[in-house]
Structures are given as C-alpha cells and as structure tokens.
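> Pasting run01.csv here (CSV, C-alpha atoms and all ligand atoms):
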```csv
chain,number,residue,atom,x,y,z
A,1,MET,CA,17.8,-16.5,30.5
A,2,GLU,CA,19.9,-19.3,28.9
A,3,SER,CA,17.4,-21.9,30.0
A,4,VAL,CA,14.4,-20.2,28.4
A,5,SER,CA,13.2,-22.1,25.4
A,6,VAL,CA,12.6,-19.9,22.4
A,7,LEU,CA,11.2,-21.5,19.2
A,8,MET,CA,11.8,-20.4,15.7
A,9,PRO,CA,9.7,-22.3,13.0
A,10,ARG,CA,12.0,-21.5,10.1
A,11,PRO,CA,15.3,-19.8,9.3
A,12,THR,CA,15.2,-16.0,9.1
A,13,PHE,CA,18.5,-14.2,9.3
A,14,PRO,CA,21.8,-15.7,10.7
A,15,TYR,CA,22.5,-12.7,12.9
A,16,LEU,CA,19.1,-13.1,14.6
A,17,GLU,CA,19.8,-16.8,15.3
A,18,GLN,CA,23.3,-16.1,16.6
A,19,GLU,CA,22.1,-13.4,19.0
A,20,LEU,CA,19.2,-15.6,20.2
A,21,ASP,CA,21.7,-18.5,20.7
A,22,LYS,CA,23.8,-16.3,22.9
A,23,ARG,CA,20.9,-15.4,25.2
A,24,PHE,CA,18.3,-18.2,25.1
A,25,LYS,CA,17.9,-21.9,24.4
A,26,LEU,CA,17.0,-21.5,20.7
A,27,LEU,CA,15.0,-24.4,19.2
A,28,ARG,CA,15.1,-24.5,15.4
A,29,LEU,CA,12.0,-26.3,14.3
A,30,TRP,CA,13.5,-27.1,10.9
A,31,ASP,CA,16.2,-29.1,12.5
A,32,TYR,CA,13.6,-31.7,13.5
A,33,PRO,CA,12.1,-33.8,10.6
A,34,HIS,CA,9.2,-34.9,12.8
A,35,SER,CA,8.2,-31.4,13.8
A,36,THR,CA,4.7,-32.3,15.1
A,37,GLN,CA,6.2,-34.8,17.5
A,38,PHE,CA,8.9,-32.3,18.5
A,39,LEU,CA,6.3,-29.7,19.3
A,40,LYS,CA,4.3,-32.2,21.4
A,41,ASP,CA,7.5,-33.2,23.3
A,42,ASN,CA,8.5,-29.6,24.0
A,43,ALA,CA,5.1,-28.0,24.3
A,44,ASN,CA,5.4,-27.5,28.0
A,45,SER,CA,8.8,-25.8,27.9
A,46,ILE,CA,8.5,-23.4,25.0
A,47,ARG,CA,7.8,-19.9,26.4
A,48,ALA,CA,8.5,-17.7,23.3
A,49,ILE,CA,8.4,-17.9,19.6
A,50,VAL,CA,10.0,-15.8,16.9
A,51,VAL,CA,7.9,-15.8,13.7
A,52,ASN,CA,8.2,-14.2,10.3
A,53,SER,CA,5.5,-11.8,9.2
A,54,VAL,CA,4.5,-14.0,6.3
A,55,ASP,CA,4.2,-17.3,8.1
A,56,PRO,CA,0.8,-18.1,9.5
A,57,ALA,CA,1.5,-18.6,13.2
A,58,LYS,CA,-2.0,-19.7,14.4
A,59,LYS,CA,-1.4,-23.5,14.6
A,60,LEU,CA,1.9,-23.0,16.2
A,61,ILE,CA,0.5,-20.7,18.9
A,62,GLU,CA,-2.3,-23.2,19.6
A,63,ALA,CA,0.2,-26.0,20.0
A,64,LEU,CA,2.1,-24.3,22.8
A,65,PRO,CA,0.1,-24.1,26.1
A,66,LYS,CA,3.0,-22.4,28.0
A,67,LEU,CA,3.6,-19.7,25.4
A,68,GLU,CA,4.1,-16.2,26.9
A,69,ILE,CA,5.3,-14.1,24.0
A,70,VAL,CA,5.1,-14.1,20.2
A,71,THR,CA,7.8,-11.8,18.7
A,72,ASN,CA,7.1,-11.1,15.1
A,73,TYR,CA,10.1,-10.4,12.8
A,74,GLY,CA,8.3,-7.9,10.7
A,75,VAL,CA,5.8,-5.1,11.1
A,76,GLY,CA,2.7,-6.7,9.6
A,77,VAL,CA,0.9,-9.0,12.0
A,78,ASP,CA,-1.8,-10.5,9.7
A,79,ASN,CA,-0.2,-13.8,10.4
A,80,ILE,CA,-1.2,-13.7,14.1
A,81,ASP,CA,-4.6,-13.8,15.7
A,82,LEU,CA,-4.2,-10.9,18.1
A,83,ASN,CA,-7.5,-11.4,19.8
A,84,ARG,CA,-6.7,-15.0,20.6
A,85,CYS,CA,-3.4,-14.0,22.0
A,86,LYS,CA,-5.1,-11.4,24.2
A,87,GLU,CA,-7.5,-14.1,25.4
A,88,ARG,CA,-4.6,-16.3,26.3
A,89,ARG,CA,-2.7,-13.4,27.8
A,90,ILE,CA,0.2,-14.0,25.3
A,91,ARG,CA,2.2,-10.9,24.6
A,92,VAL,CA,2.8,-9.9,21.0
A,93,THR,CA,5.4,-7.6,19.5
A,94,ASN,CA,6.5,-6.6,16.0
A,95,THR,CA,9.2,-4.5,14.4
A,96,PRO,CA,7.7,-1.1,13.5
A,97,ASP,CA,9.8,2.1,12.6
A,98,VAL,CA,13.1,0.4,11.9
A,99,LEU,CA,11.9,-0.7,8.5
A,100,THR,CA,9.9,2.3,7.5
A,101,ASP,CA,12.6,3.9,5.4
A,102,GLU,CA,13.4,0.7,3.6
A,103,ALA,CA,9.8,-0.1,2.6
A,104,ALA,CA,9.3,3.5,1.4
A,105,ASP,CA,12.5,3.5,-0.5
A,106,LEU,CA,11.4,0.4,-2.3
A,107,ALA,CA,8.1,1.9,-3.2
A,108,ILE,CA,9.9,4.8,-4.9
A,109,GLY,CA,12.3,2.3,-6.6
A,110,LEU,CA,9.4,0.3,-7.9
A,111,ILE,CA,7.7,3.4,-9.2
A,112,LEU,CA,10.8,4.5,-11.1
A,113,ALA,CA,11.5,1.0,-12.3
A,114,LEU,CA,8.0,0.7,-13.7
A,115,LEU,CA,7.6,4.2,-15.2
A,116,ARG,CA,11.1,4.4,-16.6
A,117,ARG,CA,11.1,0.7,-17.5
A,118,LEU,CA,14.4,0.1,-15.8
A,119,CYS,CA,14.3,-3.7,-15.7
A,120,GLU,CA,13.2,-3.8,-19.3
A,121,CYS,CA,16.0,-1.3,-20.3
A,122,ASP,CA,18.5,-3.5,-18.5
A,123,ARG,CA,17.3,-6.5,-20.5
A,124,TYR,CA,17.5,-4.5,-23.6
A,125,VAL,CA,21.1,-3.6,-23.2
A,126,ARG,CA,22.2,-7.1,-22.1
A,127,SER,CA,20.5,-8.8,-25.0
A,128,GLY,CA,22.3,-6.5,-27.5
A,129,ARG,CA,19.1,-5.0,-28.8
A,130,TRP,CA,20.5,-1.5,-28.3
A,131,LYS,CA,22.7,-1.9,-31.3
A,132,LEU,CA,19.6,-2.3,-33.4
A,133,GLY,CA,18.0,0.9,-32.2
A,134,ALA,CA,17.3,3.2,-29.2
A,135,TYR,CA,14.8,2.0,-26.5
A,136,LYS,CA,11.3,3.5,-26.8
A,137,LEU,CA,10.3,6.5,-24.7
A,138,THR,CA,9.1,6.0,-21.2
A,139,THR,CA,7.0,7.9,-18.6
A,140,LYS,CA,8.0,10.8,-16.3
A,141,PHE,CA,7.6,10.3,-12.6
A,142,SER,CA,8.3,13.8,-11.2
A,143,GLY,CA,5.1,15.9,-10.9
A,144,LYS,CA,2.7,12.9,-11.1
A,145,ARG,CA,-0.3,12.5,-8.8
A,146,VAL,CA,0.4,9.8,-6.2
A,147,GLY,CA,-2.4,8.2,-4.3
A,148,ILE,CA,-1.6,6.2,-1.1
A,149,ILE,CA,-3.8,3.6,0.6
A,150,GLY,CA,-2.9,3.7,4.3
A,151,LEU,CA,-1.2,6.8,5.6
A,152,GLY,CA,0.5,5.1,8.5
A,153,ARG,CA,4.3,5.2,9.1
A,154,ILE,CA,5.2,3.6,5.7
A,155,GLY,CA,2.5,5.5,3.7
A,156,MET,CA,3.7,8.8,5.2
A,157,ALA,CA,7.3,8.0,4.4
A,158,VAL,CA,6.3,7.2,0.7
A,159,ALA,CA,4.4,10.5,0.6
A,160,ARG,CA,7.4,12.5,1.9
A,161,ARG,CA,9.7,10.9,-0.7
A,162,ALA,CA,7.2,11.5,-3.5
A,163,GLU,CA,6.9,15.2,-2.5
A,164,ALA,CA,10.6,15.5,-3.2
A,165,PHE,CA,9.7,14.5,-6.8
A,166,ASN,CA,7.2,17.4,-6.9
A,167,CYS,CA,4.3,14.9,-6.9
A,168,SER,CA,0.9,15.9,-5.5
A,169,ILE,CA,-0.2,13.5,-2.8
A,170,CYS,CA,-3.7,12.2,-2.0
A,171,TYR,CA,-4.7,9.2,0.2
A,172,HIS,CA,-7.3,6.9,1.6
A,173,SER,CA,-7.3,5.5,5.0
A,174,ARG,CA,-10.0,4.4,7.5
A,175,THR,CA,-10.3,7.9,8.8
A,176,LYS,CA,-9.1,11.3,7.6
A,177,LYS,CA,-5.9,12.4,9.3
A,178,PRO,CA,-6.6,15.8,10.7
A,179,GLU,CA,-2.8,16.6,10.9
A,180,SER,CA,-2.2,15.9,7.2
A,181,GLN,CA,-2.6,18.4,4.5
A,182,TYR,CA,-2.8,15.8,1.7
A,183,LYS,CA,-6.1,15.4,0.0
A,184,TYR,CA,-8.3,12.7,1.6
A,185,TYR,CA,-10.6,10.4,-0.4
A,186,PRO,CA,-13.1,8.5,1.7
A,187,SER,CA,-13.4,5.9,-1.0
A,188,VAL,CA,-10.6,3.9,-2.8
A,189,VAL,CA,-12.4,4.2,-6.1
A,190,GLU,CA,-12.4,8.0,-5.9
A,191,LEU,CA,-8.7,8.0,-4.9
A,192,ALA,CA,-7.9,5.7,-7.9
A,193,SER,CA,-9.8,7.9,-10.3
A,194,ASN,CA,-7.8,10.9,-9.1
A,195,CYS,CA,-4.2,9.7,-9.2
A,196,ASP,CA,-1.7,8.4,-11.7
A,197,ILE,CA,0.2,6.1,-9.3
A,198,LEU,CA,-1.6,4.2,-6.6
A,199,VAL,CA,0.6,2.8,-3.8
A,200,VAL,CA,-0.8,0.1,-1.5
A,201,ALA,CA,0.8,0.7,1.9
A,202,CYS,CA,-1.8,-0.4,4.4
A,203,SER,CA,-1.9,-3.4,6.7
A,204,LEU,CA,-3.8,-6.5,5.8
A,205,THR,CA,-7.1,-6.8,7.7
A,206,LYS,CA,-10.6,-8.1,7.0
A,207,GLU,CA,-11.5,-4.7,5.6
A,208,THR,CA,-8.4,-4.3,3.3
A,209,HIS,CA,-8.4,-7.9,2.0
A,210,GLY,CA,-9.0,-7.6,-1.8
A,211,ILE,CA,-9.2,-3.8,-1.6
A,212,ILE,CA,-7.7,-3.6,-5.1
A,213,ASP,CA,-10.4,-5.2,-7.3
A,214,ARG,CA,-11.5,-4.7,-10.9
A,215,LYS,CA,-13.4,-1.5,-10.1
A,216,ILE,CA,-10.3,0.1,-8.6
A,217,MET,CA,-8.1,-1.1,-11.5
A,218,ASP,CA,-10.5,0.3,-14.0
A,219,ALA,CA,-10.7,3.6,-12.1
A,220,LEU,CA,-6.9,3.8,-12.2
A,221,GLY,CA,-7.1,3.2,-15.9
A,222,PRO,CA,-4.9,2.4,-18.9
A,223,LYS,CA,-2.3,5.0,-18.0
A,224,GLY,CA,-2.4,4.3,-14.2
A,225,ALA,CA,0.3,2.4,-12.3
A,226,LEU,CA,-0.4,0.2,-9.3
A,227,ILE,CA,2.4,-0.3,-6.7
A,228,ASN,CA,2.0,-2.9,-4.0
A,229,ILE,CA,4.3,-3.0,-1.0
A,230,GLY,CA,1.6,-4.1,1.4
A,231,ARG,CA,0.4,-7.7,1.2
A,232,GLY,CA,-0.4,-9.8,-1.8
A,233,LYS,CA,-3.9,-10.4,-0.6
A,234,HIS,CA,-4.7,-6.7,-1.0
A,235,VAL,CA,-4.9,-7.3,-4.7
A,236,ASP,CA,-7.2,-9.6,-6.7
A,237,GLU,CA,-4.4,-11.2,-8.7
A,238,LYS,CA,-6.7,-12.8,-11.3
A,239,GLU,CA,-8.3,-9.4,-12.0
A,240,LEU,CA,-4.8,-7.8,-12.1
A,241,VAL,CA,-3.7,-10.3,-14.8
A,242,SER,CA,-6.8,-9.6,-16.9
A,243,ALA,CA,-6.6,-5.8,-16.4
A,244,LEU,CA,-3.0,-5.8,-17.6
A,245,LEU,CA,-3.5,-8.3,-20.5
A,246,GLU,CA,-6.5,-6.3,-21.7
A,247,GLY,CA,-4.8,-2.9,-21.4
A,248,ARG,CA,-7.3,-1.6,-18.8
A,249,LEU,CA,-4.5,-0.9,-16.4
A,250,GLY,CA,-1.2,0.9,-17.4
A,251,GLY,CA,1.2,-1.1,-15.3
A,252,ALA,CA,2.0,-2.7,-12.0
A,253,ALA,CA,5.0,-3.1,-9.7
A,254,MET,CA,4.5,-5.7,-7.0
A,255,ASP,CA,6.7,-6.7,-4.1
A,256,VAL,CA,4.1,-9.0,-2.6
A,257,PHE,CA,1.9,-11.7,-3.9
A,258,GLU,CA,-1.2,-13.7,-2.9
A,259,ASN,CA,0.5,-17.0,-2.6
A,260,GLU,CA,4.3,-16.4,-2.2
A,261,PRO,CA,6.6,-17.5,-3.6
A,262,HIS,CA,4.2,-18.3,-6.4
A,263,VAL,CA,3.6,-15.5,-8.9
A,264,PRO,CA,1.1,-15.6,-11.8
A,265,GLN,CA,3.1,-16.8,-14.8
A,266,GLU,CA,1.0,-14.6,-17.1
A,267,LEU,CA,2.8,-11.6,-15.6
A,268,PHE,CA,6.3,-12.8,-16.7
A,269,GLY,CA,6.0,-11.8,-20.3
A,270,LEU,CA,4.7,-8.3,-19.7
A,271,GLU,CA,7.0,-5.3,-20.0
A,272,ASN,CA,4.6,-3.0,-18.0
A,273,VAL,CA,5.2,-5.1,-14.9
A,274,VAL,CA,8.0,-5.1,-12.3
A,275,LEU,CA,8.2,-8.0,-9.9
A,276,SER,CA,10.3,-8.2,-6.7
A,277,PRO,CA,10.4,-11.1,-4.2
A,278,HIS,CA,9.0,-9.5,-1.1
A,279,ILE,CA,12.1,-7.4,-0.3
A,280,GLY,CA,10.5,-4.5,1.5
A,281,SER,CA,12.7,-4.8,4.5
A,282,ALA,CA,15.4,-7.0,3.1
A,283,THR,CA,18.7,-5.1,3.5
A,284,VAL,CA,21.4,-6.1,6.0
A,285,GLU,CA,21.0,-2.8,7.9
A,286,THR,CA,17.2,-3.1,8.3
A,287,ARG,CA,17.1,-6.8,9.0
A,288,THR,CA,19.8,-6.3,11.6
A,289,ALA,CA,17.8,-3.5,13.2
A,290,MET,CA,14.6,-5.7,13.1
A,291,ALA,CA,16.5,-8.5,14.8
A,292,ASP,CA,17.7,-6.1,17.6
A,293,VAL,CA,14.0,-5.2,18.2
A,294,VAL,CA,13.1,-8.9,18.5
A,295,ILE,CA,15.9,-9.6,20.9
A,296,GLY,CA,15.2,-6.4,22.9
A,297,ASN,CA,11.5,-7.4,23.3
A,298,LEU,CA,12.4,-11.0,24.4
A,299,GLU,CA,15.0,-9.7,26.9
A,300,ALA,CA,12.6,-7.1,28.3
A,301,HIS,CA,9.9,-9.8,28.7
A,302,PHE,CA,12.0,-12.3,30.5
A,303,ARG,CA,13.6,-9.6,32.7
A,304,GLY,CA,10.1,-8.3,33.7
A,305,LYS,CA,10.7,-5.0,31.9
A,306,THR,CA,8.5,-2.9,29.6
A,307,LEU,CA,8.3,-4.3,26.1
A,308,LEU,CA,9.9,-2.1,23.4
A,309,THR,CA,7.1,-2.5,20.8
A,310,PRO,CA,4.1,-4.2,22.4
A,311,LEU,CA,0.9,-4.9,20.4
A,312,VAL,CA,-0.8,-7.1,22.9
B,1,LIG,C1,9.2,-9.4,5.9
B,1,LIG,C2,7.2,-7.8,6.2
B,1,LIG,O1,8.4,-10.1,5.1
B,1,LIG,O2,7.5,-6.4,8.0
B,1,LIG,C3,6.8,-7.0,7.3
B,1,LIG,O3,5.5,-6.9,7.5
B,1,LIG,O4,6.5,-8.2,5.4
B,1,LIG,C4,8.7,-8.0,6.0
B,1,LIG,O5,9.5,-7.2,6.7
B,1,LIG,C5,9.5,-10.2,7.0
B,1,LIG,O6,8.6,-10.4,8.0
B,1,LIG,C6,10.9,-10.4,7.4
B,1,LIG,O7,11.2,-11.8,7.6
```
With the file now loaded, output its structure as structure tokens.


Amino acid sequence: MESVSVLMPRPTFPYLEQELDKRFKLLRLWDYPHSTQFLKDNANSIRAIVVNSVDPAKKLIEALPKLEIVTNYGVGVDNIDLNRCKERRIRVTNTPDVLTDEAADLAIGLILALLRRLCECDRYVRSGRWKLGAYKLTTKFSGKRVGIIGLGRIGMAVARRAEAFNCSICYHSRTKKPESQYKYYPSVVELASNCDILVVACSLTKETHGIIDRKIMDALGPKGALINIGRGKHVDEKELVSALLEGRLGGAAMDVFENEPHVPQELFGLENVVLSPHIGSATVETRTAMADVVIGNLEAHFRGKTLLTPLV
C-alpha cells in the first residue's frame, strides 16, 4: 500500500498524518503553494482523500478522476456530495460512534456553562469583581425540560445524560422513533414551545438548513436556552443576534457557526452566551479513535475488504 497516493487538503491531527505516512504515500496539499497545479499534475495517481467534516470537498473530488474513496475525518458529511460520489462509484466513509460520547458531553457542558454562567463566573473571579460583591443568582439545570432536534446517536446520548439530571426529554426528528419513550413533536415550533433547553443535534441537510429561525427562537422564549452542537447553518445567526439583543431568547451556547472561524461580534459582549470553537470531538482520545477509523477504512479498501463505516 506504500505506493498508494492519499491526499490530505489540510492538516488535521499529527497522529493521523503519522499513521498515514507509515502505510501510504501521503500527499499534503498545504505543502504545495501552487495547489491547483499540484492537483493537475497528480490527478491521475491520487486514489484516496482524507477530508475534514467542515471543509467543502466538492471541488477536490471533481478534480480527481481516479479517486476511489473519500474518508471523512468526522461524522457529519454535509461537506460531501454523496449522490455525486455514488454516481462516480467513489466510496465514502465517516467516523460515527467513536465521537458520540464526546459530542454529548460537550452539549451537557454547554448547558451547564450557560445556565450556571460558568464562563462569566470565571471572568468575575479573575477580574477581582468578587471582592466587591457576590455573583448574581443563576439558573438550575436539573429537572428542566430538554428538547432535542435529531434523536440519532448523538441526540440519544444527550438525552441519556440529561435524564441523569432528572430532566424530561422531548424531541423532534423526521419520523417518530417507535422504540423511544420520549415525547415526540412533529414540528420544531411545538418542540420549542414545550421545552426550556433546545439542543440541536441533527445532521445538516437541505431540510435542516436554517431549522432554527425567528419563529423557533420566539417559541423558545425569553427564558429558553438554545444549544447548538450540530452545524452553524442550522441557525439563522442574524436572527439569533437580534433575539438575544432584544431579550426574546434567554440565552445560547454555540459550538458551531455559519461561517467558521468567524463569529458574529455582537455576541461577544453578551453574558447569556457561551461560545466554543467547534470542539465537539476535539479531545486527544476521540480524535485518535477517529483517526483509527479513517485508517481502518483506507486499509480495508485497498486490501479489498469490507469498509468499517461505509456511507456510499
Ligand atoms: C470535526 C465534526 O469538526 O464529526 C463532525 O461532524 O464536526 C467534528 O468532529 C471534525 O470533522 C474533525 O476534524
């Protein structure tokens, strides 16, 4: 396999690169200042690419006529045109399961950070303001009504964790899950009207693009909390800024943004907002496990074996 050319468009995680180097001929696109020319020169030898969930891979895939497999270093594949890959008989894999705990842990962390104002409290102590008086009272998480959009692997893991906080769980997804006892709402607006904390945990599709609009924010209301661990494009960010500034929405904790790494500046001064830089899967343990899935899929493909996590 050492002669198989595998392309990576941008750096991800050193362990992944090291392990790919050991097994394949890894081409690092960022090493070449004239990347378009480099792609043209190597188009006929590149058989695999390793992409990041948040990098649009469309152009790259079209530029590689001999591409056999796209391995996505992440679970969300909104960056890849799966139908086009099917048409071209290109295999596609992602990294499900190994990051479920991490993403769900972060959702709970964001809820607690937002409701108990943990980031704001930290700033309060560091700035010496505690000496002038106690921090104001915050909001309890245990026992609240948690609404989840997308009851897939990650949504379920969030639900199980929230249950341990004695929360009641309700959800919205394309279809009702017959095996789930949680209350199902066929519409997002109904879900938002009936929960205190709304967690976006679905994948980004045409249907879920902009799923959190003004109507939903207003339904969640001035005491409601919005948590986004899905994709930035699930939320209408302009509307989010106005809902927060006008006090129509209680608060928001966001790990993902419409145009990463750009975050609306208007959010920076708000204490009812918690912002994290897309760290849903970003721990050493989970990123290592994700890398092993990527490598396992590539090895399986080039050895003619069954892929570990095939999507196409
Ligand atoms: C990362 C993610 O952004 O899995 C996903 O869908 O969004 C994250 O795990 C990423 O792809 C890791 O580089």

> Residues proximal to (-10.9, -3.3, -5.9) were defined as those with any atom within 12 Å of that point in the file's coordinates, counting all atoms listed in the file. Which are they, as a PyMOL selection string?

chain A and resi 149+187-192+198+200+207-220+226+233-240+243

> I need the chosen residues saved as a tab-separated table (two decimals), keeping the file's coordinate frame, with C-alpha atoms.


```tsv
chain	number	residue	atom	x	y	z
A	149	ILE	CA	-3.80	3.60	0.60
A	187	SER	CA	-13.40	5.90	-1.00
A	188	VAL	CA	-10.60	3.90	-2.80
A	189	VAL	CA	-12.40	4.20	-6.10
A	190	GLU	CA	-12.40	8.00	-5.90
A	191	LEU	CA	-8.70	8.00	-4.90
A	192	ALA	CA	-7.90	5.70	-7.90
A	198	LEU	CA	-1.60	4.20	-6.60
A	200	VAL	CA	-0.80	0.10	-1.50
A	207	GLU	CA	-11.50	-4.70	5.60
A	208	THR	CA	-8.40	-4.30	3.30
A	209	HIS	CA	-8.40	-7.90	2.00
A	210	GLY	CA	-9.00	-7.60	-1.80
A	211	ILE	CA	-9.20	-3.80	-1.60
A	212	ILE	CA	-7.70	-3.60	-5.10
A	213	ASP	CA	-10.40	-5.20	-7.30
A	214	ARG	CA	-11.50	-4.70	-10.90
A	215	LYS	CA	-13.40	-1.50	-10.10
A	216	ILE	CA	-10.30	0.10	-8.60
A	217	MET	CA	-8.10	-1.10	-11.50
A	218	ASP	CA	-10.50	0.30	-14.00
A	219	ALA	CA	-10.70	3.60	-12.10
A	220	LEU	CA	-6.90	3.80	-12.20
A	226	LEU	CA	-0.40	0.20	-9.30
A	233	LYS	CA	-3.90	-10.40	-0.60
A	234	HIS	CA	-4.70	-6.70	-1.00
A	235	VAL	CA	-4.90	-7.30	-4.70
A	236	ASP	CA	-7.20	-9.60	-6.70
A	237	GLU	CA	-4.40	-11.20	-8.70
A	238	LYS	CA	-6.70	-12.80	-11.30
A	239	GLU	CA	-8.30	-9.40	-12.00
A	240	LEU	CA	-4.80	-7.80	-12.10
A	243	ALA	CA	-6.60	-5.80	-16.40
```

> Counting all atoms listed in the file, which residue out of A:Asn194, A:Ser127, A:Asn83, A:Thr288 sits closest to ligand LIG 1 (chain B)?

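Using all atoms listed in the file, the shortest distance to ligand LIG 1 (chain B) belongs to A:Thr288.
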
> Point out the residue among A:Ala103, A:Leu64, A:Leu20, A:Ile169 with the least atom-to-atom distance to Lys40 (chain A), counting all atoms listed in the file.

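Checking each of A:Ala103, A:Leu64, A:Leu20, A:Ile169 against Lys40 (chain A), counting all atoms listed in the file, the winner is A:Leu64.
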
> Hey, which residues sit close to ligand LIG 1 (chain B)? Say within 8 Å, counting all atoms listed in the file, and write them as a list in words.

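So the residues close to ligand LIG 1 (chain B) are Thr12, Phe13, Val51, Asn52, Ser53, Val54, Asn72, Tyr73, Gly74, Val75, Gly76, Val77, Thr95, Pro96, Leu99, Gly230, Arg231, His278, Ile279, Gly280, Ser281, Ala282 and Arg287 of chain A.
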
> So that I can check the surroundings of Thr71 (chain A), please list as a ChimeraX atom specification every protein, DNA and RNA residue that reaches within 7 Å of it, counting all atoms listed in the file and ignoring chain neighbours fewer than 3 positions away.

/A:49-51,92-94,294

> Work out how far CA of Gly224 (chain A) is from CA of Leu110 (chain A), in Å to one decimal.

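These atoms are spaced 14.0 Å apart.
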
> My list of candidates is A:Gly147, A:Gly221, A:Pro9, A:Pro178. Which is closest to Ile197 (chain A) when distances are computed with all atoms listed in the file?

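Once distances to Ile197 (chain A) are computed over all atoms listed in the file, the minimum belongs to A:Gly147.
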
> If you measure from CA of Asp101 (chain A) to CA of Glu299 (chain A), what distance in Å do you get, rounded to one decimal?

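Taking CA of Asp101 (chain A) as the start and CA of Glu299 (chain A) as the end point, the length is 25.6 Å.
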
> Would you compute the distance between CA of Val273 (chain A) and CA of Arg129 (chain A)? Give it in Å to one decimal.

19.7 Å

> For each of A:Leu60, A:Val70, A:Met8, A:Ala43, take the minimum atom-to-atom distance to Leu311 (chain A), counting only C-alpha atoms, then give the residue where this is smallest.

A:Val70

> Have a look at A:Asp97, A:Asp78, A:Asp196, A:Glu246 and name the one nearest to Gly143 (chain A); count only C-alpha atoms.

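Using only C-alpha atoms, Gly143 (chain A) sits closest to A:Asp196.
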
> Please list as number ranges by chain every residue within 8 Å of Ile229 (chain A), counting all atoms listed in the file and excluding residues in the same chain fewer than 5 positions away.

A: 103, 106-107, 199-201, 254-256, 280

> With all atoms listed in the file as the atoms that count, which of A:Leu307, A:Phe165, A:Ile108, A:Arg153 lies nearest to Asn228 (chain A)?

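Among the listed residues, A:Ile108 lies closest to Asn228 (chain A).
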
> Quick one: everything within 7 Å of region 29-32 of chain A, counting only C-alpha atoms, minus sequence neighbours fewer than 2 positions away in the same chain. Send it as a PyMOL selection string.

chain A and resi 7-10+27+34-35+38

> (6.4, 7.3, -17.6) in this file's frame - what residues fall within 7 Å of it? Use only C-alpha atoms and give the answer as a VMD selection string.

chain A and resid 115 to 116 138 to 141

> Could you name the residues that touch Gly133 (chain A) at 12 Å or less, counting all atoms listed in the file, but leaving out those on the same chain fewer than 5 positions away, as a CSV table (one decimal) with C-alpha atoms, in the coordinates of the input?


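part.csv was written with the following content:
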```
chain,number,residue,atom,x,y,z
A,124,TYR,CA,17.5,-4.5,-23.6
A,125,VAL,CA,21.1,-3.6,-23.2
A,128,GLY,CA,22.3,-6.5,-27.5
```

> When you look at Glu2 (chain A) with a cut-off of 8 Å (counting only C-alpha atoms), what residues show up, excluding the ones that are within fewer than 6 positions of it in the same chain? I need them as a list in words.

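Near Glu2 (chain A), the qualifying residues are Lys22, Arg23, Phe24 and Lys25 of chain A.
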
> If I only have part of region 62-81 of chain A, can you fill in N, CA and C atoms and write it as a PDB file, in the frame of the given file?


```
ATOM      1  N   GLU A  62      -1.388 -22.299  18.950  1.00  0.00           N
ATOM      2  CA  GLU A  62      -2.300 -23.200  19.600  1.00  0.00           C
ATOM      3  C   GLU A  62      -1.651 -24.447  20.167  1.00  0.00           C
ATOM      4  N   ALA A  63      -0.527 -24.825  19.543  1.00  0.00           N
ATOM      5  CA  ALA A  63       0.200 -26.000  20.000  1.00  0.00           C
ATOM      6  C   ALA A  63       1.026 -25.832  21.220  1.00  0.00           C
ATOM      7  N   LEU A  64       1.131 -24.573  21.681  1.00  0.00           N
ATOM      8  CA  LEU A  64       2.100 -24.300  22.800  1.00  0.00           C
ATOM      9  C   LEU A  64       1.333 -23.687  23.992  1.00  0.00           C
ATOM     10  N   PRO A  65       0.944 -24.544  24.938  1.00  0.00           N
ATOM     11  CA  PRO A  65       0.100 -24.100  26.100  1.00  0.00           C
ATOM     12  C   PRO A  65       0.890 -23.146  27.035  1.00  0.00           C
ATOM     13  N   LYS A  66       2.209 -23.187  27.019  1.00  0.00           N
ATOM     14  CA  LYS A  66       3.000 -22.400  28.000  1.00  0.00           C
ATOM     15  C   LYS A  66       3.573 -21.115  27.334  1.00  0.00           C
ATOM     16  N   LEU A  67       3.064 -20.819  26.132  1.00  0.00           N
ATOM     17  CA  LEU A  67       3.600 -19.700  25.400  1.00  0.00           C
ATOM     18  C   LEU A  67       3.292 -18.367  26.119  1.00  0.00           C
ATOM     19  N   GLU A  68       4.333 -17.519  26.276  1.00  0.00           N
ATOM     20  CA  GLU A  68       4.100 -16.200  26.900  1.00  0.00           C
ATOM     21  C   GLU A  68       4.234 -15.061  25.978  1.00  0.00           C
ATOM     22  N   ILE A  69       5.061 -15.245  24.936  1.00  0.00           N
ATOM     23  CA  ILE A  69       5.300 -14.100  24.000  1.00  0.00           C
ATOM     24  C   ILE A  69       5.537 -14.568  22.591  1.00  0.00           C
ATOM     25  N   VAL A  70       4.910 -13.836  21.660  1.00  0.00           N
ATOM     26  CA  VAL A  70       5.100 -14.100  20.200  1.00  0.00           C
ATOM     27  C   VAL A  70       5.867 -12.802  19.722  1.00  0.00           C
ATOM     28  N   THR A  71       7.097 -12.978  19.270  1.00  0.00           N
ATOM     29  CA  THR A  71       7.800 -11.800  18.700  1.00  0.00           C
ATOM     30  C   THR A  71       7.796 -11.987  17.188  1.00  0.00           C
ATOM     31  N   ASN A  72       7.238 -10.993  16.512  1.00  0.00           N
ATOM     32  CA  ASN A  72       7.100 -11.100  15.100  1.00  0.00           C
ATOM     33  C   ASN A  72       8.281 -10.324  14.420  1.00  0.00           C
ATOM     34  N   TYR A  73       8.987 -11.034  13.541  1.00  0.00           N
ATOM     35  CA  TYR A  73      10.100 -10.400  12.800  1.00  0.00           C
ATOM     36  C   TYR A  73       9.606  -9.727  11.592  1.00  0.00           C
ATOM     37  N   GLY A  74       8.928  -8.624  11.800  1.00  0.00           N
ATOM     38  CA  GLY A  74       8.300  -7.900  10.700  1.00  0.00           C
ATOM     39  C   GLY A  74       7.268  -6.947  11.336  1.00  0.00           C
ATOM     40  N   VAL A  75       6.762  -6.004  10.555  1.00  0.00           N
ATOM     41  CA  VAL A  75       5.800  -5.100  11.100  1.00  0.00           C
ATOM     42  C   VAL A  75       4.349  -5.581  10.963  1.00  0.00           C
ATOM     43  N   GLY A  76       4.056  -6.224   9.828  1.00  0.00           N
ATOM     44  CA  GLY A  76       2.700  -6.700   9.600  1.00  0.00           C
ATOM     45  C   GLY A  76       2.387  -7.921  10.426  1.00  0.00           C
ATOM     46  N   VAL A  77       1.233  -7.921  11.078  1.00  0.00           N
ATOM     47  CA  VAL A  77       0.900  -9.000  12.000  1.00  0.00           C
ATOM     48  C   VAL A  77      -0.376  -9.751  11.542  1.00  0.00           C
ATOM     49  N   ASP A  78      -0.650  -9.737  10.229  1.00  0.00           N
ATOM     50  CA  ASP A  78      -1.800 -10.500   9.700  1.00  0.00           C
ATOM     51  C   ASP A  78      -1.665 -11.953   9.877  1.00  0.00           C
ATOM     52  N   ASN A  79      -0.466 -12.405  10.206  1.00  0.00           N
ATOM     53  CA  ASN A  79      -0.200 -13.800  10.400  1.00  0.00           C
ATOM     54  C   ASN A  79      -0.550 -14.290  11.836  1.00  0.00           C
ATOM     55  N   ILE A  80      -0.921 -13.342  12.683  1.00  0.00           N
ATOM     56  CA  ILE A  80      -1.200 -13.700  14.100  1.00  0.00           C
ATOM     57  C   ILE A  80      -2.581 -13.269  14.495  1.00  0.00           C
ATOM     58  N   ASP A  81      -3.256 -14.138  15.218  1.00  0.00           N
ATOM     59  CA  ASP A  81      -4.600 -13.800  15.700  1.00  0.00           C
ATOM     60  C   ASP A  81      -4.433 -13.048  17.035  1.00  0.00           C
TER      61      ASP A  81
END
```
